[in-house]
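Next up, upload.txt (compact mmCIF, C-alpha atoms):
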```
# COMPACT_ATOMS: atom_id res chain seq x y z
CA MET A 1 125.08 93.42 85.37
CA LYS A 2 123.48 96.78 84.62
CA ARG A 3 121.23 96.89 81.58
CA ASP A 4 120.06 99.64 79.26
CA TYR A 5 116.35 99.74 78.52
CA LYS A 6 114.52 101.39 75.65
CA PHE A 7 111.47 102.61 77.56
CA TYR A 8 112.34 102.69 81.28
CA ASP A 9 113.26 106.41 81.28
CA PHE A 10 110.16 107.21 79.24
CA VAL A 11 107.85 105.47 81.71
CA MET A 12 109.65 107.23 84.58
CA ALA A 13 109.09 110.64 82.96
CA LEU A 14 105.38 109.96 82.46
CA PHE A 15 105.05 108.74 86.04
CA VAL A 16 106.63 111.89 87.50
CA THR A 17 104.62 114.16 85.17
CA VAL A 18 101.35 112.60 86.27
CA LEU A 19 102.35 112.94 89.92
CA LEU A 20 103.16 116.66 89.63
CA LEU A 21 100.04 117.36 87.59
CA SER A 22 97.83 115.65 90.16
CA ASN A 23 99.20 117.90 92.93
CA LEU A 24 98.54 121.08 90.94
CA LEU A 25 95.01 120.02 90.01
CA SER A 26 94.22 118.96 93.58
CA SER A 27 95.01 122.48 94.75
CA ALA A 28 93.13 124.15 91.89
CA LYS A 29 89.64 122.65 92.12
CA ILE A 30 87.24 120.36 93.97
CA ILE A 31 84.74 118.70 91.62
CA ASP A 32 81.15 117.97 92.64
CA LEU A 33 79.29 115.59 90.30
CA ARG A 34 76.04 116.66 91.97
CA THR A 35 75.02 113.10 92.58
CA ALA A 36 75.40 110.75 95.52
CA LEU A 37 76.13 107.17 96.46
CA GLY A 38 73.48 106.75 99.12
CA PRO A 39 74.20 109.45 101.73
CA ILE A 40 77.68 110.15 100.35
CA ALA A 41 78.04 112.98 97.83
CA LEU A 42 80.38 112.22 94.93
CA ILE A 43 82.96 114.94 95.49
CA PHE A 44 86.64 114.69 94.62
CA ASP A 45 89.65 116.92 94.05
CA ALA A 46 90.61 117.47 90.41
CA GLY A 47 93.93 115.69 90.90
CA THR A 48 92.00 112.44 91.16
CA LEU A 49 91.37 112.67 87.40
CA VAL A 50 95.02 111.88 86.69
CA PHE A 51 96.55 110.43 89.87
CA PRO A 52 95.27 106.85 89.29
CA ILE A 53 97.43 106.76 86.16
CA SER A 54 100.53 106.87 88.40
CA TYR A 55 99.48 103.54 89.92
CA ILE A 56 99.12 102.06 86.44
CA PHE A 57 102.68 103.19 85.66
CA GLY A 58 103.75 101.82 89.04
CA ASP A 59 102.26 98.44 88.18
CA ILE A 60 104.00 98.44 84.81
CA LEU A 61 107.36 99.38 86.31
CA THR A 62 107.22 96.72 89.03
CA GLU A 63 105.86 93.98 86.77
CA VAL A 64 108.41 94.49 84.01
CA TYR A 65 111.50 96.03 85.63
CA GLY A 66 111.11 94.84 89.23
CA TYR A 67 110.65 96.42 92.63
CA LYS A 68 114.15 97.93 92.85
CA ARG A 69 113.81 99.97 89.67
CA SER A 70 110.27 100.95 90.61
CA ARG A 71 111.66 102.15 93.96
CA ARG A 72 114.06 104.51 92.16
CA VAL A 73 111.18 105.99 90.18
CA ILE A 74 109.12 106.49 93.35
CA TRP A 75 111.97 108.45 94.93
CA ALA A 76 112.42 110.47 91.73
CA GLY A 77 108.77 111.48 92.00
CA PHE A 78 109.30 112.38 95.66
CA VAL A 79 112.20 114.73 94.88
CA ALA A 80 110.34 116.28 91.92
CA THR A 81 107.34 117.04 94.14
CA ILE A 82 109.53 118.79 96.72
CA LEU A 83 111.17 120.80 93.93
CA MET A 84 107.76 121.84 92.59
CA GLY A 85 106.63 122.92 96.05
CA PHE A 86 109.75 125.03 96.54
CA PHE A 87 109.26 126.95 93.30
CA VAL A 88 105.54 127.50 93.95
CA TRP A 89 106.53 128.96 97.33
CA LEU A 90 109.28 131.10 95.73
CA SER A 91 106.83 132.41 93.13
CA ALA A 92 104.37 133.34 95.87
CA ILE A 93 106.79 135.42 97.94
CA LEU A 94 108.33 137.35 95.04
CA PRO A 95 106.56 140.66 94.18
CA GLY A 96 104.10 140.60 91.30
CA GLU A 97 104.27 142.86 88.23
CA SER A 98 101.77 145.74 88.37
CA ASP A 99 99.70 144.72 85.34
CA TRP A 100 99.49 141.13 86.61
CA GLU A 101 98.44 142.40 90.04
CA ALA A 102 95.63 144.41 88.42
CA ARG A 103 94.38 141.56 86.22
CA VAL A 104 94.99 138.54 88.48
CA GLY A 105 96.46 139.52 91.82
CA GLN A 106 98.21 137.79 94.67
CA ASP A 107 94.93 136.87 96.35
CA ALA A 108 93.85 134.85 93.30
CA PHE A 109 97.25 133.15 93.17
CA ASN A 110 97.01 132.26 96.85
CA ALA A 111 93.42 131.06 96.48
CA VAL A 112 94.43 128.55 93.80
CA LEU A 113 97.95 127.57 94.83
CA GLY A 114 98.11 128.71 98.43
CA GLY A 115 96.91 125.34 99.68
CA ILE A 116 99.47 123.41 97.70
CA TYR A 117 101.95 123.33 100.58
CA GLY A 118 99.58 121.34 102.77
CA LEU A 119 98.73 119.21 99.76
CA ILE A 120 102.38 118.50 99.09
CA ILE A 121 103.03 117.45 102.69
CA ALA A 122 99.98 115.17 102.63
CA SER A 123 100.80 113.96 99.13
CA LEU A 124 104.42 113.10 99.93
CA VAL A 125 103.53 110.99 102.95
CA ALA A 126 100.58 109.30 101.25
CA TYR A 127 102.47 108.88 97.98
CA LEU A 128 105.42 107.08 99.58
CA ALA A 129 103.19 104.87 101.72
CA GLY A 130 100.77 104.04 98.91
CA GLU A 131 103.24 103.55 96.07
CA PHE A 132 105.61 101.38 98.08
CA THR A 133 102.68 99.33 99.36
CA ASN A 134 101.38 98.90 95.81
CA SER A 135 104.78 97.84 94.43
CA TYR A 136 105.48 95.50 97.36
CA VAL A 137 102.10 93.75 97.11
CA LEU A 138 102.38 93.40 93.32
CA ALA A 139 105.92 91.97 93.53
CA LYS A 140 104.93 89.47 96.22
CA MET A 141 101.75 88.45 94.38
CA LYS A 142 103.78 87.88 91.21
CA ILE A 143 105.99 85.39 93.05
CA ARG A 144 103.03 83.76 94.81
CA MET A 145 101.05 83.40 91.55
CA GLN A 146 104.14 82.46 89.53
CA GLY A 147 103.58 85.31 87.11
CA GLN A 148 100.02 84.30 86.27
CA ARG A 149 96.76 86.33 86.43
CA LEU A 150 98.27 89.77 85.93
CA TRP A 151 94.81 91.32 86.03
CA ALA A 152 94.26 90.02 89.57
CA ARG A 153 97.65 91.25 90.70
CA THR A 154 97.30 94.79 89.33
CA ILE A 155 93.81 95.21 90.75
CA GLY A 156 94.68 93.53 94.07
CA SER A 157 97.76 95.68 94.64
CA THR A 158 95.80 98.81 93.75
CA LEU A 159 93.03 97.96 96.21
CA VAL A 160 95.61 97.87 99.01
CA GLY A 161 97.90 100.68 97.83
CA GLN A 162 95.10 103.13 97.07
CA MET A 163 93.47 102.46 100.44
CA VAL A 164 96.72 103.36 102.20
CA ASP A 165 97.27 106.36 99.93
CA THR A 166 93.75 107.77 100.06
CA LEU A 167 93.32 107.51 103.83
CA SER A 168 96.79 108.93 104.53
CA PHE A 169 96.35 111.81 102.10
CA PHE A 170 92.95 113.03 103.24
CA ILE A 171 93.62 112.58 106.95
CA ILE A 172 96.78 114.70 106.73
CA ALA A 173 95.35 117.25 104.26
CA THR A 174 92.21 117.70 106.35
CA LEU A 175 94.21 118.15 109.56
CA LEU A 176 96.30 120.80 107.77
CA GLY A 177 93.15 122.66 106.73
CA VAL A 178 93.37 121.98 103.00
CA PHE A 179 89.91 120.34 102.89
CA PRO A 180 86.96 120.99 105.22
CA LEU A 181 86.16 118.22 107.69
CA GLU A 182 82.52 118.19 106.55
CA ILE A 183 83.38 116.56 103.21
CA PHE A 184 86.07 114.18 104.52
CA ILE A 185 84.03 110.98 104.14
CA SER A 186 82.77 111.98 100.70
CA LEU A 187 86.29 112.76 99.51
CA VAL A 188 87.74 109.48 100.82
CA VAL A 189 84.98 107.24 99.45
CA THR A 190 84.67 108.99 96.08
CA ASN A 191 88.42 109.18 95.50
CA TYR A 192 88.98 105.55 96.44
CA LEU A 193 86.17 104.25 94.25
CA PHE A 194 87.25 106.45 91.35
CA LYS A 195 90.92 105.43 91.57
CA VAL A 196 90.18 101.72 91.80
CA GLY A 197 87.58 102.04 89.05
CA ILE A 198 90.13 103.61 86.71
CA GLU A 199 92.54 100.75 87.44
CA VAL A 200 89.88 98.17 86.62
CA ILE A 201 88.83 99.94 83.41
CA MET A 202 92.45 100.37 82.28
CA THR A 203 93.48 96.78 83.13
CA PRO A 204 93.23 95.44 79.53
CA ILE A 205 95.44 98.32 78.31
CA THR A 206 97.87 97.80 81.20
CA ILE A 207 98.20 94.11 80.31
CA GLN A 208 98.93 94.91 76.66
CA ILE A 209 101.57 97.51 77.59
CA VAL A 210 103.22 95.04 79.99
CA ARG A 211 103.33 92.35 77.33
CA MET A 212 104.79 94.76 74.78
CA LEU A 213 107.47 96.03 77.17
CA LYS A 214 108.48 92.53 78.25
CA ALA A 215 108.91 91.55 74.61
CA VAL A 216 110.81 94.68 73.61
CA GLU A 217 112.98 94.95 76.73
CA HIS A 218 113.54 91.17 77.06
CA GLU A 219 112.87 91.60 80.77
CA ASP A 220 110.45 90.09 83.29
CA VAL A 221 111.78 90.50 86.83
CA TYR A 222 110.79 88.24 89.73
CA ASP A 223 111.84 89.75 93.07
CA TYR A 224 112.95 86.56 94.78
CA GLN A 225 116.09 87.98 96.41
CA THR A 226 115.04 91.63 96.60
CA ASP A 227 115.56 93.76 99.69
CA PHE A 228 112.18 95.49 99.93
CA SER A 229 113.36 98.31 102.18
CA PRO A 230 112.06 101.58 100.71
CA PHE A 231 115.17 103.42 101.90
CA ARG A 232 117.53 102.31 99.16
CA LEU A 233 118.26 103.60 95.65
CA ASP A 234 120.26 100.75 94.13
CA ALA A 235 118.80 98.96 91.15
```

Could you write out this file's structure as structure tokens?
Amino acid sequence: MKRDYKFYDFVMALFVTVLLLSNLLSSAKIIDLRTALGPIALIFDAGTLVFPISYIFGDILTEVYGYKRSRRVIWAGFVATILMGFFVWLSAILPGESDWEARVGQDAFNAVLGGIYGLIIASLVAYLAGEFTNSYVLAKMKIRMQGQRLWARTIGSTLVGQMVDTLSFFIIATLLGVFPLEIFISLVVTNYLFKVGIEVIMTPITIQIVRMLKAVEHEDVYDYQTDFSPFRLDA
């Protein structure tokens, strides 16, 4: 029987917003902390500041509402990202107003957002692979641990999901010329450590949100009979 939830749509909206914002920031700036971890410079794209939050929302969705409803949110984010890419492309090919051209110009627009198409391709592949991996691992760990040790499950699923996501994203983006090959290792290591670190730091807050949602929604799904195919939309 279908159920109505008080906060499911709200969590979905936040998830998609974070995803779109991370793509825009990734295209806009690469941050250099001007420090290093041994021989590896701590360099990361600006989207990394917000993208880890999407995995926190992913954990919350899967833990409370189950893999099937999390799957629908993942696909919603996928479609929203394609839509964003289309309108960035459309904005780029339409002629600019004369005053805007004088103050900003098409070259500046292309310099900031011109690389977003490669980012979106890389992001879509990595996003689907990473998010589905994260949700699958979390759902399976919940069954295996009988709902106990949520902190271990959120961190464990993130370790796996973010590894898949980070490697996929930077391999594809680098091959498409979005990022220079010279900083590939630094980007992968820094992004992975940063994303996992955010998950660890936010774990106490994640646990409290999960507990609150389970109490309010009267829901705590265990995916015993779930079809884990990513290519379905039923919930």

Surrounding residues of Gly114 of chain A excluding itself and chain neighbours under 4 positions, 8 Å, only C-alpha atoms, as a ChimeraX atom specification:
/A:27,109-110

Which one of A:Asp59, A:Asp9, A:Asp99, A:Asp32 sits closest to Ala76 of chain A if you count all atoms listed in the file?
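Using all atoms listed in the file, Ala76 of chain A sits closest to A:Asp9.
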
Suppose you want the space between atom CA of Ser26 of chain A and atom CA of Gln208 of chain A; what is it in Å?
29.8 Å

Which residues come within 12 Å of Arg3 of chain A, counting all atoms listed in the file, excluding same-chain residues fewer than 5 positions away, as a PDB file with C-alpha atoms, keeping the file's coordinate frame?
```
ATOM      1  CA  TYR A   8     112.340 102.690  81.280  1.00  0.00           C
ATOM      2  CA  TYR A  65     111.500  96.030  85.630  1.00  0.00           C
ATOM      3  CA  ARG A  69     113.810  99.970  89.670  1.00  0.00           C
ATOM      4  CA  GLU A 217     112.980  94.950  76.730  1.00  0.00           C
ATOM      5  CA  HIS A 218     113.540  91.170  77.060  1.00  0.00           C
ATOM      6  CA  GLU A 219     112.870  91.600  80.770  1.00  0.00           C
ATOM      7  CA  ALA A 235     118.800  98.960  91.150  1.00  0.00           C
TER       8      ALA A 235
END
```

Just how far from atom CA of Leu21 of chain A is atom CA of Ile116 of chain A, in Å to one decimal?
11.8 Å

For Val11 of chain A, work out the shell of residues within 12 Å, counting all atoms listed in the file and skipping chain neighbours fewer than 2 positions away, then give it as a PyMOL selection string.
chain A and resi 5-9+13-18+53-62+64-65+69-70+73-74+77+209-210+213

Applying 6 Å and only C-alpha atoms, which residues near segment 120-134 of chain A remain after dropping the ones on its own chain fewer than 5 positions away? List them as a tab-separated table (two decimals) with C-alpha atoms, in the coordinates of the input.
```
chain	number	residue	atom	x	y	z
A	157	SER	CA	97.76	95.68	94.64
A	158	THR	CA	95.80	98.81	93.75
A	161	GLY	CA	97.90	100.68	97.83
A	164	VAL	CA	96.72	103.36	102.20
A	165	ASP	CA	97.27	106.36	99.93
A	168	SER	CA	96.79	108.93	104.53
A	169	PHE	CA	96.35	111.81	102.10
A	172	ILE	CA	96.78	114.70	106.73
A	173	ALA	CA	95.35	117.25	104.26
```

Using atom CA of Val160 of chain A and atom CA of Phe194 of chain A as the two end points, give the distance in Å to one decimal.
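Atom CA of Phe194 of chain A lies 14.2 Å from atom CA of Val160 of chain A.
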
Protein/DNA/RNA residues near (108.5, 94.4, 101.2), cut 7 Å, only C-alpha atoms, as a ChimeraX atom specification:
/A:136,228-229

Just to be explicit: take each residue in the selection above, keep C-alpha atoms, and write the result as a PDB file, keeping the file's coordinate frame.
```
ATOM      1  CA  TYR A 136     105.480  95.500  97.360  1.00  0.00           C
ATOM      2  CA  PHE A 228     112.180  95.490  99.930  1.00  0.00           C
ATOM      3  CA  SER A 229     113.360  98.310 102.180  1.00  0.00           C
TER       4      SER A 229
END
```
